[in-house]
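Asker: File work_18.cif follows (mmCIF, C-alpha atoms and all ligand atoms):
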```cif
data_start
loop_
_atom_site.label_atom_id
_atom_site.label_comp_id
_atom_site.auth_asym_id
_atom_site.auth_seq_id
_atom_site.Cartn_x
_atom_site.Cartn_y
_atom_site.Cartn_z
CA MET P 1 11.12 -8.78 -16.78
CA THR P 2 14.27 -9.19 -18.87
CA ASN P 3 14.78 -5.97 -20.76
CA LYS P 4 17.01 -5.13 -23.70
CA GLU P 5 20.19 -5.22 -21.66
CA ASN P 6 19.14 -8.59 -20.21
CA LYS P 7 18.53 -7.20 -16.79
CA ILE P 8 16.11 -9.00 -14.52
CA TYR P 9 13.95 -6.73 -12.39
CA LEU P 10 12.82 -8.35 -9.14
CA ASP P 11 11.72 -5.23 -7.26
CA TYR P 12 8.05 -4.87 -8.22
CA ALA P 13 7.08 -4.03 -4.63
CA ALA P 14 9.04 -0.79 -5.11
CA SER P 15 7.43 0.13 -8.41
CA THR P 16 5.85 -1.42 -11.48
CA PRO P 17 6.05 -0.37 -15.14
CA VAL P 18 2.97 1.33 -16.59
CA ASP P 19 0.92 -1.27 -18.48
CA ARG P 20 0.56 -0.50 -22.20
CA GLN P 21 -3.23 -0.43 -21.95
CA VAL P 22 -2.97 1.95 -19.01
CA PHE P 23 -0.67 4.19 -21.01
CA GLU P 24 -3.15 4.20 -23.91
CA ALA P 25 -6.01 5.09 -21.55
CA MET P 26 -4.04 8.05 -20.21
CA LYS P 27 -2.87 9.50 -23.51
CA PRO P 28 -5.99 11.42 -24.66
CA TYR P 29 -6.11 13.35 -21.39
CA PHE P 30 -2.71 14.91 -22.00
CA SER P 31 -3.72 16.56 -25.24
CA LYS P 32 -7.12 16.08 -26.93
CA LYS P 33 -9.14 15.87 -23.73
CA PHE P 34 -7.14 18.44 -21.85
CA GLY P 35 -10.05 20.41 -20.39
CA ASN P 36 -10.36 21.32 -16.74
CA PRO P 37 -12.91 18.97 -15.11
CA GLY P 38 -14.19 22.01 -13.23
CA SER P 39 -15.22 23.80 -16.45
CA LEU P 40 -18.83 23.73 -17.54
CA HIS P 41 -18.21 23.63 -21.30
CA GLN P 42 -17.78 20.50 -23.36
CA PHE P 43 -14.02 20.38 -22.90
CA GLY P 44 -14.57 20.27 -19.16
CA GLN P 45 -17.32 17.69 -19.46
CA GLU P 46 -15.08 15.42 -21.49
CA ALA P 47 -12.45 15.58 -18.75
CA VAL P 48 -15.06 14.90 -16.06
CA LYS P 49 -16.17 11.82 -17.98
CA GLY P 50 -12.63 10.49 -17.67
CA THR P 51 -12.38 11.03 -13.93
CA ASP P 52 -15.94 9.73 -13.39
CA LEU P 53 -15.19 6.55 -15.27
CA ALA P 54 -12.00 5.95 -13.28
CA ARG P 55 -13.84 6.64 -10.01
CA GLU P 56 -16.54 4.16 -10.98
CA LYS P 57 -13.98 1.49 -11.78
CA VAL P 58 -12.23 1.89 -8.44
CA ALA P 59 -15.52 2.05 -6.53
CA SER P 60 -16.76 -1.13 -8.21
CA ALA P 61 -13.49 -3.00 -7.54
CA ILE P 62 -13.67 -2.30 -3.81
CA ASN P 63 -17.47 -2.40 -3.45
CA ALA P 64 -17.74 1.27 -2.54
CA ASP P 65 -19.85 4.18 -3.72
CA PHE P 66 -18.71 6.67 -6.29
CA ARG P 67 -18.46 9.50 -3.74
CA GLU P 68 -16.31 7.40 -1.46
CA VAL P 69 -13.31 7.36 -3.80
CA ILE P 70 -10.98 10.34 -3.43
CA PHE P 71 -8.08 10.73 -5.84
CA THR P 72 -4.88 12.07 -4.31
CA GLY P 73 -1.30 12.69 -5.43
CA SER P 74 0.14 9.47 -3.93
CA ALA P 75 -0.50 6.82 -1.32
CA THR P 76 1.71 8.86 0.98
CA GLU P 77 -0.74 11.72 0.63
CA SER P 78 -3.71 9.39 1.21
CA ASP P 79 -2.09 8.09 4.41
CA ASN P 80 -1.40 11.64 5.57
CA MET P 81 -4.96 12.63 4.76
CA ALA P 82 -6.36 9.73 6.79
CA VAL P 83 -4.27 10.44 9.88
CA ARG P 84 -4.17 14.23 9.85
CA GLY P 85 -7.70 14.66 8.51
CA ALA P 86 -9.28 12.46 11.17
CA ILE P 87 -7.38 14.18 13.98
CA LYS P 88 -8.13 17.64 12.61
CA LYS P 89 -11.84 16.90 12.49
CA ALA P 90 -11.94 15.33 15.96
CA LEU P 91 -10.14 18.30 17.51
CA ARG P 92 -12.73 20.65 16.03
CA GLU P 93 -15.60 18.73 17.64
CA GLU P 94 -16.89 20.03 20.92
CA SER P 95 -17.50 16.54 22.26
CA PHE P 96 -13.85 15.73 21.90
CA GLU P 97 -12.21 17.07 25.01
CA ASP P 98 -9.38 14.65 25.74
CA GLN P 99 -5.98 14.26 24.19
CA PRO P 100 -6.66 12.33 20.99
CA ARG P 101 -5.11 8.89 20.59
CA ILE P 102 -4.20 7.01 17.45
CA ILE P 103 -3.01 3.41 17.16
CA VAL P 104 -0.65 2.35 14.37
CA SER P 105 1.45 -0.77 13.93
CA GLU P 106 5.23 -0.75 14.20
CA ILE P 107 5.53 -2.14 10.67
CA GLU P 108 3.56 0.54 8.83
CA HIS P 109 5.08 2.25 5.83
CA GLU P 110 6.90 5.50 6.66
CA ALA P 111 3.94 7.38 5.18
CA ILE P 112 2.01 6.39 8.30
CA LEU P 113 4.86 6.09 10.80
CA GLU P 114 6.46 9.47 10.10
CA THR P 115 3.03 11.10 10.12
CA ALA P 116 2.28 9.43 13.46
CA ARG P 117 5.60 10.70 14.86
CA ASP P 118 4.81 14.18 13.60
CA VAL P 119 1.37 14.35 15.22
CA GLU P 120 2.86 12.81 18.36
CA GLN P 121 5.17 15.80 18.64
CA ARG P 122 2.11 18.02 18.42
CA GLY P 123 0.42 16.38 21.39
CA VAL P 124 -1.37 13.34 19.98
CA ASP P 125 -1.03 10.16 22.04
CA VAL P 126 0.33 7.54 19.66
CA VAL P 127 0.25 3.83 20.52
CA TYR P 128 2.56 1.67 18.40
CA ALA P 129 1.19 -1.85 18.11
CA PRO P 130 4.01 -4.42 18.08
CA VAL P 131 4.12 -7.47 15.82
CA ASP P 132 5.12 -11.05 16.62
CA GLU P 133 8.17 -12.79 15.16
CA ASP P 134 6.24 -13.72 12.02
CA GLY P 135 5.16 -10.11 11.46
CA PHE P 136 1.55 -10.09 12.70
CA VAL P 137 -0.29 -7.54 14.82
CA ASP P 138 -2.26 -9.02 17.73
CA PRO P 139 -5.90 -7.82 17.51
CA GLU P 140 -6.15 -8.25 21.30
CA PHE P 141 -3.43 -5.61 21.73
CA ILE P 142 -5.57 -3.17 19.78
CA LYS P 143 -8.65 -4.09 21.80
CA LYS P 144 -6.75 -3.40 25.03
CA HIS P 145 -5.61 0.02 23.86
CA LEU P 146 -8.91 1.40 22.54
CA THR P 147 -10.15 4.34 24.60
CA GLU P 148 -12.98 6.86 24.29
CA SER P 149 -10.44 9.31 22.91
CA THR P 150 -9.08 7.00 20.19
CA VAL P 151 -9.69 8.80 16.91
CA LEU P 152 -8.04 6.42 14.48
CA VAL P 153 -6.58 2.95 14.18
CA SER P 154 -4.35 2.44 11.14
CA ILE P 155 -3.09 -1.07 10.41
CA MET P 156 -1.73 -1.95 6.98
CA TYR P 157 -3.44 -4.72 5.01
CA ALA P 158 -0.22 -6.26 3.67
CA ASN P 159 3.35 -5.35 4.49
CA ASN P 160 5.66 -4.10 1.77
CA GLU P 161 8.85 -5.70 3.12
CA VAL P 162 7.87 -9.16 4.34
CA GLY P 163 4.41 -9.43 2.78
CA THR P 164 2.49 -10.41 5.91
CA ILE P 165 -1.27 -10.04 5.57
CA GLN P 166 -2.84 -8.59 8.70
CA PRO P 167 -6.14 -9.80 10.22
CA ILE P 168 -8.03 -6.72 9.04
CA GLN P 169 -11.53 -8.20 9.37
CA GLU P 170 -10.90 -9.29 12.93
CA ILE P 171 -9.54 -5.87 13.90
CA ALA P 172 -12.53 -4.19 12.22
CA GLU P 173 -14.93 -6.32 14.27
CA ILE P 174 -13.18 -5.34 17.50
CA ILE P 175 -13.36 -1.66 16.58
CA ASN P 176 -16.99 -1.89 15.48
CA GLU P 177 -17.97 -3.51 18.74
CA PHE P 178 -16.13 -0.88 20.74
CA ARG P 179 -17.47 2.23 19.06
CA ASP P 180 -21.17 1.64 19.53
CA ASP P 181 -22.86 4.84 18.29
CA SER P 182 -19.73 6.93 17.92
CA ILE P 183 -17.89 7.38 14.62
CA TYR P 184 -14.64 6.93 16.53
CA PRO P 185 -12.29 5.18 16.30
CA ILE P 186 -12.12 5.34 12.51
CA PHE P 187 -10.39 2.28 11.04
CA HIS P 188 -7.92 2.96 8.24
CA THR P 189 -5.83 0.43 6.33
CA ASP P 190 -2.98 1.02 3.91
CA ALA P 191 -3.77 -1.46 1.12
CA VAL P 192 -1.09 -0.31 -1.32
CA GLN P 193 0.51 -3.76 -1.60
CA ALA P 194 -2.76 -5.64 -1.20
CA LEU P 195 -4.88 -4.33 -4.06
CA GLN P 196 -3.20 -6.49 -6.68
CA PHE P 197 -3.77 -9.82 -5.01
CA LEU P 198 -6.24 -9.60 -2.13
CA ASP P 199 -9.95 -9.04 -1.76
CA CYS P 200 -10.34 -5.32 -1.07
CA ASP P 201 -14.13 -5.34 -0.64
CA VAL P 202 -14.51 -2.59 1.95
CA GLU P 203 -17.77 -3.96 3.30
CA LYS P 204 -16.41 -7.44 3.80
CA LEU P 205 -13.30 -6.07 5.43
CA GLY P 206 -15.24 -3.60 7.57
CA VAL P 207 -12.79 -0.72 7.08
CA ASP P 208 -13.64 3.00 7.04
CA MET P 209 -10.69 4.26 5.05
CA MET P 210 -8.31 2.56 2.67
CA THR P 211 -5.20 3.75 0.80
CA PHE P 212 -4.03 2.75 -2.70
CA SER P 213 -1.19 3.78 -5.00
CA GLY P 214 -1.04 3.91 -8.81
CA HIS P 215 2.55 2.86 -9.38
CA LYS P 216 2.31 -0.41 -7.47
CA ILE P 217 -0.42 -1.70 -9.78
CA TYR P 218 1.03 -0.97 -13.26
CA GLY P 219 -0.43 2.51 -13.19
CA PRO P 220 1.43 5.84 -13.15
CA LYS P 221 3.40 7.35 -10.30
CA GLY P 222 1.99 10.41 -8.53
CA VAL P 223 -1.59 9.24 -8.10
CA GLY P 224 -3.25 7.56 -5.14
CA VAL P 225 -6.69 6.92 -3.73
CA LEU P 226 -8.22 7.28 -0.32
CA TYR P 227 -11.47 5.38 0.10
CA ILE P 228 -13.69 6.96 2.75
CA ASN P 229 -16.78 5.26 4.16
CA ARG P 230 -19.62 7.76 3.97
CA ASP P 231 -22.27 5.59 5.63
CA LYS P 232 -21.02 6.56 9.01
CA PHE P 233 -21.31 10.27 8.46
CA SER P 234 -24.26 12.49 7.77
CA PRO P 235 -24.67 13.07 4.00
CA ASN P 236 -23.46 16.65 3.98
CA GLU P 237 -20.64 16.24 6.38
CA ASN P 238 -17.16 15.30 5.31
CA PRO P 239 -15.69 12.51 7.40
CA LEU P 240 -12.36 14.27 7.50
CA ASP P 241 -11.16 17.80 7.51
CA PRO P 242 -9.13 18.49 4.39
CA PHE P 243 -5.55 19.60 4.70
CA ILE P 244 -5.31 20.78 1.11
CA THR P 245 -7.88 23.54 0.81
CA GLY P 246 -8.81 25.54 -2.24
CA GLY P 247 -11.30 25.03 -5.06
CA GLY P 248 -13.09 22.16 -3.33
CA GLN P 249 -12.35 19.37 -5.79
CA GLU P 250 -12.74 15.70 -4.77
CA PHE P 251 -15.90 16.44 -2.77
CA GLY P 252 -14.14 19.19 -0.86
CA LEU P 253 -11.51 16.83 0.51
CA ARG P 254 -8.59 17.43 -1.81
CA SER P 255 -8.46 20.68 -3.65
CA GLY P 256 -6.44 21.17 -6.80
CA THR P 257 -7.39 20.57 -10.42
CA GLU P 258 -7.78 16.84 -10.94
CA ASN P 259 -4.86 15.18 -12.68
CA THR P 260 -7.03 13.64 -15.39
CA PRO P 261 -4.39 11.53 -17.24
CA LEU P 262 -3.10 9.94 -14.04
CA ILE P 263 -6.61 9.36 -12.70
CA ALA P 264 -7.69 7.74 -15.99
CA GLY P 265 -4.59 5.55 -15.77
CA PHE P 266 -5.41 4.52 -12.22
CA GLY P 267 -8.91 3.48 -13.27
CA LYS P 268 -7.59 1.37 -16.13
CA ALA P 269 -4.95 -0.24 -13.92
CA VAL P 270 -7.61 -1.31 -11.42
CA GLU P 271 -9.80 -2.69 -14.21
CA LEU P 272 -6.89 -4.81 -15.49
CA ILE P 273 -6.19 -6.25 -12.04
CA GLU P 274 -9.79 -7.31 -11.59
CA GLU P 275 -9.76 -9.21 -14.89
CA ASN P 276 -7.03 -11.59 -13.80
CA LYS P 277 -6.54 -11.40 -10.05
CA ASP P 278 -6.78 -15.03 -8.94
CA LYS P 279 -4.86 -16.54 -11.85
CA GLU P 280 -2.06 -14.03 -11.53
CA LYS P 281 -1.85 -14.64 -7.81
CA GLU P 282 -1.24 -18.37 -8.39
CA ARG P 283 1.26 -17.73 -11.18
CA ILE P 284 3.29 -15.31 -9.07
CA LYS P 285 3.17 -17.61 -6.05
CA ASP P 286 4.66 -20.43 -8.14
CA LEU P 287 7.46 -18.13 -9.31
CA LYS P 288 8.22 -17.14 -5.74
CA ASN P 289 8.28 -20.76 -4.56
CA LYS P 290 10.50 -21.72 -7.46
CA LEU P 291 13.06 -19.00 -6.70
CA LEU P 292 13.08 -20.00 -3.04
CA SER P 293 13.64 -23.67 -3.77
CA ASN P 294 16.34 -22.89 -6.34
CA ILE P 295 18.18 -20.63 -3.90
CA LYS P 296 17.85 -23.19 -1.09
CA GLU P 297 19.31 -25.88 -3.32
CA SER P 298 22.53 -23.95 -3.75
CA ILE P 299 22.64 -22.02 -0.46
CA SER P 300 21.19 -24.33 2.17
CA ASP P 301 21.33 -22.01 5.19
CA VAL P 302 19.09 -19.31 3.65
CA GLU P 303 16.04 -18.47 5.79
CA VAL P 304 12.77 -16.69 5.00
CA ASN P 305 11.98 -13.56 7.04
CA GLY P 306 8.35 -13.53 8.21
CA SER P 307 5.98 -16.43 7.75
CA GLY P 308 2.33 -17.40 7.71
CA ASP P 309 -0.26 -15.58 5.63
CA GLN P 310 1.84 -13.63 3.12
CA LEU P 311 1.51 -11.91 -0.24
CA PRO P 312 2.48 -14.13 -3.18
CA ASN P 313 4.90 -11.57 -4.65
CA ILE P 314 7.26 -10.77 -1.79
CA LEU P 315 10.12 -12.96 -0.61
CA ASN P 316 12.41 -11.59 2.09
CA LEU P 317 15.48 -13.74 2.63
CA TYR P 318 18.26 -13.94 5.19
CA PHE P 319 21.66 -14.91 3.80
CA PRO P 320 23.76 -15.77 6.90
CA GLY P 321 27.24 -14.32 6.87
CA LEU P 322 26.70 -12.17 3.79
CA SER P 323 26.25 -8.42 3.56
CA SER P 324 22.96 -7.48 1.86
CA GLU P 325 24.47 -4.23 0.62
CA ASP P 326 27.35 -6.08 -0.99
CA LEU P 327 25.04 -8.68 -2.42
CA LEU P 328 22.66 -6.08 -3.80
CA ILE P 329 25.45 -4.29 -5.63
CA LYS P 330 26.96 -7.51 -7.00
CA LEU P 331 23.57 -8.74 -8.16
CA ASP P 332 22.86 -5.39 -9.78
CA MET P 333 26.16 -5.56 -11.64
CA ALA P 334 25.29 -9.09 -12.75
CA GLY P 335 21.91 -7.85 -13.98
CA VAL P 336 19.46 -8.71 -11.17
CA ALA P 337 17.69 -5.80 -9.45
CA VAL P 338 16.52 -6.54 -5.89
CA SER P 339 16.22 -4.48 -2.74
CA SER P 340 17.22 -4.54 0.89
CA GLY P 341 13.82 -3.25 1.99
CA ALA P 342 11.57 -0.30 1.23
CA ALA P 343 12.88 1.95 -1.54
CA CYS P 344 12.69 5.08 0.66
CA GLY P 345 14.72 3.40 3.43
CA ALA P 346 17.34 2.26 0.92
CA ARG P 347 18.25 5.81 -0.13
CA ALA P 348 18.52 6.90 3.48
CA ALA P 349 20.66 3.78 4.20
CA LYS P 350 18.39 3.07 7.18
CA GLN P 351 18.01 -0.37 8.67
CA SER P 352 14.60 -1.88 8.08
CA HIS P 353 12.20 -0.93 10.89
CA VAL P 354 10.00 -3.85 9.80
CA LEU P 355 12.66 -6.51 10.32
CA LYS P 356 13.60 -4.82 13.59
CA ALA P 357 9.96 -4.93 14.71
CA ILE P 358 9.78 -8.66 14.06
CA GLY P 359 12.69 -9.06 16.45
CA MET P 360 15.60 -9.56 14.08
CA SER P 361 19.13 -8.73 15.12
CA SER P 362 21.06 -5.96 13.36
CA LYS P 363 23.31 -8.64 11.92
CA ARG P 364 20.39 -10.51 10.40
CA ILE P 365 18.87 -7.32 9.02
CA ASP P 366 22.18 -6.46 7.35
CA SER P 367 22.14 -9.86 5.66
CA SER P 368 18.58 -9.75 4.32
CA LEU P 369 17.25 -9.01 0.84
CA ARG P 370 13.77 -8.55 -0.61
CA PHE P 371 12.86 -10.16 -3.93
CA SER P 372 9.52 -9.17 -5.44
CA PHE P 373 7.83 -10.42 -8.56
CA GLY P 374 5.44 -8.89 -11.05
CA ARG P 375 3.31 -9.24 -14.13
CA PRO P 376 6.26 -9.27 -16.56
CA THR P 377 8.25 -11.86 -14.52
CA THR P 378 8.66 -15.16 -16.37
CA LYS P 379 9.82 -18.66 -15.39
CA GLU P 380 12.90 -18.00 -17.47
CA ASP P 381 13.66 -14.88 -15.41
CA ILE P 382 13.48 -16.99 -12.27
CA GLU P 383 15.82 -19.66 -13.63
CA ASN P 384 18.30 -17.05 -14.87
CA ALA P 385 18.14 -15.07 -11.64
CA SER P 386 18.67 -18.27 -9.62
CA LYS P 387 21.86 -19.04 -11.57
CA ILE P 388 23.15 -15.49 -11.16
CA ILE P 389 22.42 -15.50 -7.41
CA LYS P 390 24.24 -18.81 -7.07
CA ASP P 391 27.27 -17.52 -9.01
CA VAL P 392 27.42 -14.23 -7.11
CA ILE P 393 27.30 -15.95 -3.72
CA LYS P 394 29.78 -18.76 -4.38
N1 LIG P 401 2.29 2.39 1.67
C1 LIG P 401 2.91 1.25 1.31
C2 LIG P 401 2.56 -0.03 2.00
C3 LIG P 401 3.86 1.26 0.29
O1 LIG P 401 4.47 0.13 -0.07
C4 LIG P 401 4.16 2.49 -0.35
C5 LIG P 401 5.20 2.56 -1.38
O2 LIG P 401 6.32 2.15 -1.18
C6 LIG P 401 3.47 3.65 0.06
C7 LIG P 401 2.55 3.55 1.07
C8 LIG P 401 3.73 4.97 -0.58
O3 LIG P 401 3.20 5.01 -1.86
P1 LIG P 401 3.44 6.27 -2.83
O4 LIG P 401 4.76 6.03 -3.49
O5 LIG P 401 2.30 6.25 -3.80
O6 LIG P 401 3.44 7.48 -1.99
#
```
Using structure tokens, write down the structure from this file.
Answerer:
Amino acid sequence: MTNKENKIYLDYAASTPVDRQVFEAMKPYFSKKFGNPGSLHQFGQEAVKGTDLAREKVASAINADFREVIFTGSATESDNMAVRGAIKKALREESFEDQPRIIVSEIEHEAILETARDVEQRGVDVVYAPVDEDGFVDPEFIKKHLTESTVLVSIMYANNEVGTIQPIQEIAEIINEFRDDSIYPIFHTDAVQALQFLDCDVEKLGVDMMTFSGHKIYGPKGVGVLYINRDKFSPNENPLDPFITGGGQEFGLRSGTENTPLIAGFGKAVELIEENKDKEKERIKDLKNKLLSNIKESISDVEVNGSGDQLPNILNLYFPGLSSEDLLIKLDMAGVAVSSGAACGARAAKQSHVLKAIGMSSKRIDSSLRFSFGRPTTKEDIENASKIIKDVIK
């Protein structure tokens, strides 16, 4: 997107602008349809209609049931809910006597990794699944580490820094085979970066829980979803124990008055993705390939970080001998916004744990940048950005 000041935004993996149609869908719920969805009168019913419609749209996009879609305050909250909620429930069960185990990959978003570290300090046995040099988890590693006391396996669908797409179906099959009659281990995947481009049919994938975020899909910030498979659990039992308790909203799993405008926006954003998923995927892939070939033409020693099955919108590049921090600032001043990794890591000036996990040296990590493309990105943006990158580096 080239905005008024001619800036080119190439950081859509960090956040996307709210689509105009999404914005329009949200508007009535701020004012006219302001009722509390918990109220029985018509104002309340109007608000419920909005959240119901959004829930239906999300459920239909991922082939789930209405009651399996839980709206939360962010993907971070959904990830927390999956990890903490599953452990909380298991610990309450009499049959669960051992120290609970969870398995997460080393390249998860901090929303999972920090939560895993936190529960680890409270006595949970956490296994961190490594990735190979391309950025893939080995399903056999997970198979080897499944035990009777494994409550949860959480492996992200697509990585937010290098874009690698994990073999979710294969991991689900391994877990399904292992668990026999038990509900454990529950299989969760963070699909925040995947929803835009990949098939998120929960039945096909075989996952039990799945996380999404509004602001990565041209929806608003501050709203997320946790999909929860209810087939596995008896109809009146919640598959997780809630960690936000109160009025019992969201089927008792996430109390607090529903944020109707944001939820309506989420529903609309999902609907818009579904209308154009495959075409947009191809368009974005072409833009990514074009930027890569343009950069390689002028800077021949550039290398791509991560390879194989990757998202079309993320390009992580190593610029030998250059400082990514320096480059990022110079590019920003020249009007191109990119990132050196996840937005949360950037503020904390932390080195990317993802690049580290794929075996990269500190030097290489300090010379790597992430470019990510989105719906507003045009061919012209790519050509202009390529020229600016070339000028800044020479
Ligand atoms: N998971 C992944 C893979 C992400 O990329 C992000 C956002 O950066 C999150 C979780 C957190 O999303 P939210 O900002 O909605 O908490």
Asker: Work out how far apart CA of Gly246 (chain P) and CA of Glu114 (chain P) are and give it in Å to one decimal.
Answerer: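 Result for CA of Gly246 (chain P) versus CA of Glu114 (chain P): 25.4 Å, one decimal.
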Asker: Work out how far apart CA of Arg20 (chain P) and CA of Arg375 (chain P) are and give it in Å to one decimal.
Answerer: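 Computed distance, CA of Arg20 (chain P) to CA of Arg375 (chain P), equals 12.2 Å.
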Asker: In terms of the shortest atom-to-atom distance over only C-alpha atoms, which of P:Ala129, P:Val192, P:Ile228, P:Ala25 is closest to Phe212 (chain P)?
Answerer: P:Val192
Asker: Using only C-alpha atoms, which of P:Ser368, P:Ser213, P:Ser154, P:Ser149 sits nearest Phe266 (chain P)?
Answerer: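 Among the listed residues, P:Ser213 lies closest to Phe266 (chain P).
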Asker: Name each residue within 6 Å of ligand LIG 401 (chain P), counting only C-alpha atoms and all ligand atoms, as JSON, numbers by chain.
Answerer: {"P": [14, 74, 75, 76, 109, 111, 159, 160, 190, 192, 193, 213, 224]}
Asker: Using 4 Å of padding on each side, determine the axis-aligned box around all atoms of region 323-337 of chain P present in the file and give its centre and edge lengths in Å to one decimal, as JSON.
Answerer:
```
{"center_x": 22.5, "center_y": -6.7, "center_z": -5.2, "size_x": 17.7, "size_y": 12.9, "size_z": 25.5}
```
Asker: Just to confirm, what's the straight-line distance from CA of Lys356 (chain P) to CA of Gly85 (chain P) in Å (one decimal)?
Answerer: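 So the answer is 29.3 Å.
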Asker: Pick out the closest residue to Val83 (chain P) from this set: P:Asp132, P:Asp391, P:Glu120, P:Asp52. Count all atoms listed in the file.
Answerer: P:Glu120
Asker: If you count all atoms listed in the file, which residues fall within 8 Å of Thr115 (chain P), apart from same-chain ones fewer than 5 positions away, as a PyMOL selection string?
Answerer: chain P and resi 80+83-84+110
Asker: So which residues touch region 323-339 of chain P within 8 Å, counting all atoms listed in the file, skipping near sequence neighbours fewer than 5 positions away, as a PyMOL selection string?
Answerer: chain P and resi 6-11+346+366-372+385+388-389+392-393
Asker: Would you save the residues of that selection, restricted to C-alpha atoms, as a PDB file, in the coordinates of the input?
Answerer:
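Wrote it out as again.pdb, contents follow:
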```pdb
ATOM      1  CA  ASN P   6      19.140  -8.590 -20.210  1.00  0.00           C
ATOM      2  CA  LYS P   7      18.530  -7.200 -16.790  1.00  0.00           C
ATOM      3  CA  ILE P   8      16.110  -9.000 -14.520  1.00  0.00           C
ATOM      4  CA  TYR P   9      13.950  -6.730 -12.390  1.00  0.00           C
ATOM      5  CA  LEU P  10      12.820  -8.350  -9.140  1.00  0.00           C
ATOM      6  CA  ASP P  11      11.720  -5.230  -7.260  1.00  0.00           C
ATOM      7  CA  ALA P 346      17.340   2.260   0.920  1.00  0.00           C
ATOM      8  CA  ASP P 366      22.180  -6.460   7.350  1.00  0.00           C
ATOM      9  CA  SER P 367      22.140  -9.860   5.660  1.00  0.00           C
ATOM     10  CA  SER P 368      18.580  -9.750   4.320  1.00  0.00           C
ATOM     11  CA  LEU P 369      17.250  -9.010   0.840  1.00  0.00           C
ATOM     12  CA  ARG P 370      13.770  -8.550  -0.610  1.00  0.00           C
ATOM     13  CA  PHE P 371      12.860 -10.160  -3.930  1.00  0.00           C
ATOM     14  CA  SER P 372       9.520  -9.170  -5.440  1.00  0.00           C
ATOM     15  CA  ALA P 385      18.140 -15.070 -11.640  1.00  0.00           C
ATOM     16  CA  ILE P 388      23.150 -15.490 -11.160  1.00  0.00           C
ATOM     17  CA  ILE P 389      22.420 -15.500  -7.410  1.00  0.00           C
ATOM     18  CA  VAL P 392      27.420 -14.230  -7.110  1.00  0.00           C
ATOM     19  CA  ILE P 393      27.300 -15.950  -3.720  1.00  0.00           C
TER      20      ILE P 393
END
```
Asker: Output region 180-190 of chain P as an mmCIF file, in the coordinates of the input, making sure N, CA, C and O atoms are there.
Answerer:
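Here's the written file selection.cif:
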```cif
data_model
loop_
_atom_site.group_PDB
_atom_site.id
_atom_site.type_symbol
_atom_site.label_atom_id
_atom_site.label_comp_id
_atom_site.auth_asym_id
_atom_site.auth_seq_id
_atom_site.Cartn_x
_atom_site.Cartn_y
_atom_site.Cartn_z
ATOM 1 N N ASP P 180 -19.749 1.444 19.234
ATOM 2 C CA ASP P 180 -21.170 1.640 19.530
ATOM 3 C C ASP P 180 -21.776 2.676 18.602
ATOM 4 O O ASP P 180 -21.783 2.504 17.397
ATOM 5 N N ASP P 181 -22.234 3.822 19.142
ATOM 6 C CA ASP P 181 -22.860 4.840 18.290
ATOM 7 C C ASP P 181 -21.886 5.884 17.752
ATOM 8 O O ASP P 181 -22.223 6.666 16.877
ATOM 9 N N SER P 182 -20.695 5.897 18.299
ATOM 10 C CA SER P 182 -19.730 6.930 17.920
ATOM 11 C C SER P 182 -19.142 6.632 16.534
ATOM 12 O O SER P 182 -19.201 5.506 16.058
ATOM 13 N N ILE P 183 -18.592 7.651 15.886
ATOM 14 C CA ILE P 183 -17.890 7.380 14.620
ATOM 15 C C ILE P 183 -16.435 6.999 14.906
ATOM 16 O O ILE P 183 -15.718 6.557 14.017
ATOM 17 N N TYR P 184 -16.024 7.216 16.154
ATOM 18 C CA TYR P 184 -14.640 6.930 16.530
ATOM 19 C C TYR P 184 -14.532 5.629 17.297
ATOM 20 O O TYR P 184 -15.442 5.308 18.029
ATOM 21 N N PRO P 185 -13.418 4.913 17.167
ATOM 22 C CA PRO P 185 -12.290 5.180 16.300
ATOM 23 C C PRO P 185 -12.600 4.830 14.834
ATOM 24 O O PRO P 185 -13.303 3.863 14.555
ATOM 25 N N ILE P 186 -12.029 5.631 13.938
ATOM 26 C CA ILE P 186 -12.120 5.340 12.510
ATOM 27 C C ILE P 186 -11.035 4.281 12.213
ATOM 28 O O ILE P 186 -9.936 4.344 12.763
ATOM 29 N N PHE P 187 -11.371 3.328 11.369
ATOM 30 C CA PHE P 187 -10.390 2.280 11.040
ATOM 31 C C PHE P 187 -9.866 2.467 9.617
ATOM 32 O O PHE P 187 -10.613 2.352 8.653
ATOM 33 N N HIS P 188 -8.575 2.755 9.534
ATOM 34 C CA HIS P 188 -7.920 2.960 8.240
ATOM 35 C C HIS P 188 -6.938 1.813 7.955
ATOM 36 O O HIS P 188 -6.288 1.311 8.874
ATOM 37 N N THR P 189 -6.865 1.396 6.705
ATOM 38 C CA THR P 189 -5.830 0.430 6.330
ATOM 39 C C THR P 189 -5.107 0.880 5.065
ATOM 40 O O THR P 189 -5.736 1.366 4.121
ATOM 41 N N ASP P 190 -3.798 0.734 5.085
ATOM 42 C CA ASP P 190 -2.980 1.020 3.910
ATOM 43 C C ASP P 190 -2.947 -0.268 3.085
ATOM 44 O O ASP P 190 -2.341 -1.270 3.497
#
```
